[in-house]
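*Asks:* First the structure, then my questions, so here it is.
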Amino acid sequence: MNAPNRHELYVLEDGEKPVEVSEDTKIPNAATIKIVKQDHTLGNMLRAQLLSMPQILFAGYKVPHPLHPYFIIKIQTDGTITPQAILEQACTKLIGTMSSLETKFKREFSYKDVEGTVGVGAAGTGGGEDPYGTGAGGSAWARGRDYLDF
């Protein structure tokens, strides 16, 4: 088959740089950055984070070919900061956001373990629907289904 081995899609080879930056000579305050061994998941999150920052005039990415494990992101700033510095800030903010999301996710599932069953009409349930799927009421959860069954 044409598909590369799965480990080749995310493991860096010896001496392979994860990020390659090249200044754009045609557009002021712009750079084209190649991020190796990543795909749409990181590309789209970085693009969205960059676009939420006020110093960014343009941010877009593309994956040139699905069999090649890299994407190219183009960044143009307003000139108050370099594209490399704003990318570093965006990565730092994205790491913080993912860390916060992980904490909230773990906290919510720890509530399920602590509360056991939530009675019908308990606070915050809307009266009758069990938000944690522990079997209260006549919902699909009560029939032995798990949150992954949908």
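Please note that chains go A, B, ... in the order of the structure tokens, that every chain numbers its residues from 1, and that ligands are numbered from 1 in the order shown.
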Would you mind listing what lies within 9 Å of Leu94 (chain A) as an MDAnalysis selection string, with only C-alpha atoms counted and same-chain residues fewer than 5 positions away left out?
*Replies:* chainID A and resid 45:46 49 89 99
*Asks:* Quick one: which region 43-69 of chain A residues come within 12 Å of region 16-33 of chain A, and what is the nearest atom pair for each with the distance in Å to one decimal, counting only C-alpha atoms, rows ordered by chain and ascending number, as JSON lines?
*Replies:*
{"residue": "A:Gly43", "atom": "CA", "partner": "A:Ile33", "partner_atom": "CA", "distance": 11.0}
{"residue": "A:Leu46", "atom": "CA", "partner": "A:Ile33", "partner_atom": "CA", "distance": 11.8}
{"residue": "A:Arg47", "atom": "CA", "partner": "A:Ile33", "partner_atom": "CA", "distance": 12.0}
{"residue": "A:Gln55", "atom": "CA", "partner": "A:Asn29", "partner_atom": "CA", "distance": 10.8}
{"residue": "A:Ile56", "atom": "CA", "partner": "A:Ala30", "partner_atom": "CA", "distance": 9.9}
{"residue": "A:Leu57", "atom": "CA", "partner": "A:Ala30", "partner_atom": "CA", "distance": 9.4}
{"residue": "A:Phe58", "atom": "CA", "partner": "A:Ala30", "partner_atom": "CA", "distance": 8.7}
{"residue": "A:Ala59", "atom": "CA", "partner": "A:Ala30", "partner_atom": "CA", "distance": 9.6}
{"residue": "A:Gly60", "atom": "CA", "partner": "A:Thr32", "partner_atom": "CA", "distance": 9.8}
{"residue": "A:Tyr61", "atom": "CA", "partner": "A:Ile33", "partner_atom": "CA", "distance": 9.2}
{"residue": "A:Lys62", "atom": "CA", "partner": "A:Ile33", "partner_atom": "CA", "distance": 10.7}
{"residue": "A:Val63", "atom": "CA", "partner": "A:Ile33", "partner_atom": "CA", "distance": 12.0}
{"residue": "A:Pro69", "atom": "CA", "partner": "A:Pro18", "partner_atom": "CA", "distance": 11.1}
*Asks:* For the residues selected in the previous step, produce a file with N, CA, C and O atoms as a CSV table (one decimal), in the first residue's frame.
*Replies:*
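part21.csv, written as the output of this step:
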chain,number,residue,atom,x,y,z
A,43,GLY,N,-3.0,21.8,13.3
A,43,GLY,CA,-3.1,22.9,12.4
A,43,GLY,C,-4.3,23.8,12.6
A,43,GLY,O,-4.2,25.0,12.6
A,46,LEU,N,-4.2,25.6,16.1
A,46,LEU,CA,-3.2,26.7,16.0
A,46,LEU,C,-3.8,27.9,15.2
A,46,LEU,O,-3.7,29.1,15.6
A,47,ARG,N,-4.4,27.6,14.1
A,47,ARG,CA,-5.0,28.6,13.2
A,47,ARG,C,-6.1,29.4,14.0
A,47,ARG,O,-6.1,30.6,14.0
A,55,GLN,N,-3.0,40.9,17.1
A,55,GLN,CA,-1.9,41.2,16.3
A,55,GLN,C,-1.8,40.5,14.9
A,55,GLN,O,-1.1,40.8,14.1
A,56,ILE,N,-2.7,39.5,14.8
A,56,ILE,CA,-2.7,38.7,13.6
A,56,ILE,C,-3.6,39.3,12.5
A,56,ILE,O,-4.8,39.7,12.7
A,57,LEU,N,-3.0,39.5,11.3
A,57,LEU,CA,-3.8,39.9,10.1
A,57,LEU,C,-4.3,38.7,9.3
A,57,LEU,O,-5.3,38.8,8.7
A,58,PHE,N,-3.5,37.7,9.2
A,58,PHE,CA,-3.8,36.5,8.5
A,58,PHE,C,-3.2,35.3,9.1
A,58,PHE,O,-2.0,35.3,9.6
A,59,ALA,N,-3.9,34.2,9.2
A,59,ALA,CA,-3.4,32.9,9.6
A,59,ALA,C,-4.2,31.8,8.9
A,59,ALA,O,-5.4,31.8,8.9
A,60,GLY,N,-3.5,31.0,8.2
A,60,GLY,CA,-4.1,29.9,7.5
A,60,GLY,C,-3.1,28.7,7.4
A,60,GLY,O,-1.9,28.9,7.5
A,61,TYR,N,-3.7,27.5,7.3
A,61,TYR,CA,-2.8,26.3,7.2
A,61,TYR,C,-3.3,25.4,6.1
A,61,TYR,O,-4.4,25.5,5.6
A,62,LYS,N,-2.4,24.6,5.6
A,62,LYS,CA,-2.8,23.5,4.6
A,62,LYS,C,-1.9,22.3,4.9
A,62,LYS,O,-0.8,22.4,5.3
A,63,VAL,N,-2.6,21.2,4.5
A,63,VAL,CA,-1.8,19.9,4.5
A,63,VAL,C,-1.7,19.6,3.0
A,63,VAL,O,-2.7,19.2,2.4
A,69,PRO,N,3.2,13.6,6.4
A,69,PRO,CA,2.8,14.0,7.8
A,69,PRO,C,3.3,15.4,8.2
A,69,PRO,O,4.2,15.5,9.1
*Asks:* Which residue out of A:Thr103, A:Met98, A:Phe109, A:Leu67 has the minimum interatomic distance to Asn5 (chain A) when only C-alpha atoms are used?
*Replies:* A:Leu67
*Asks:* Of the residues A:Lys34, A:Met53, A:Asp113, A:Lys106, which is the one nearest to Asp78 (chain A), using only C-alpha atoms?
*Replies:* A:Met53
*Asks:* So how far away is CA of Glu88 (chain A) from CA of Phe105 (chain A), in Å?
*Replies:*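 Computing it gives 25.7 Å between the two atoms.
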*Asks:* How far is it from CA of Ser100 (chain A) to CA of Thr80 (chain A), in Å with one decimal?
*Replies:* 28.7 Å
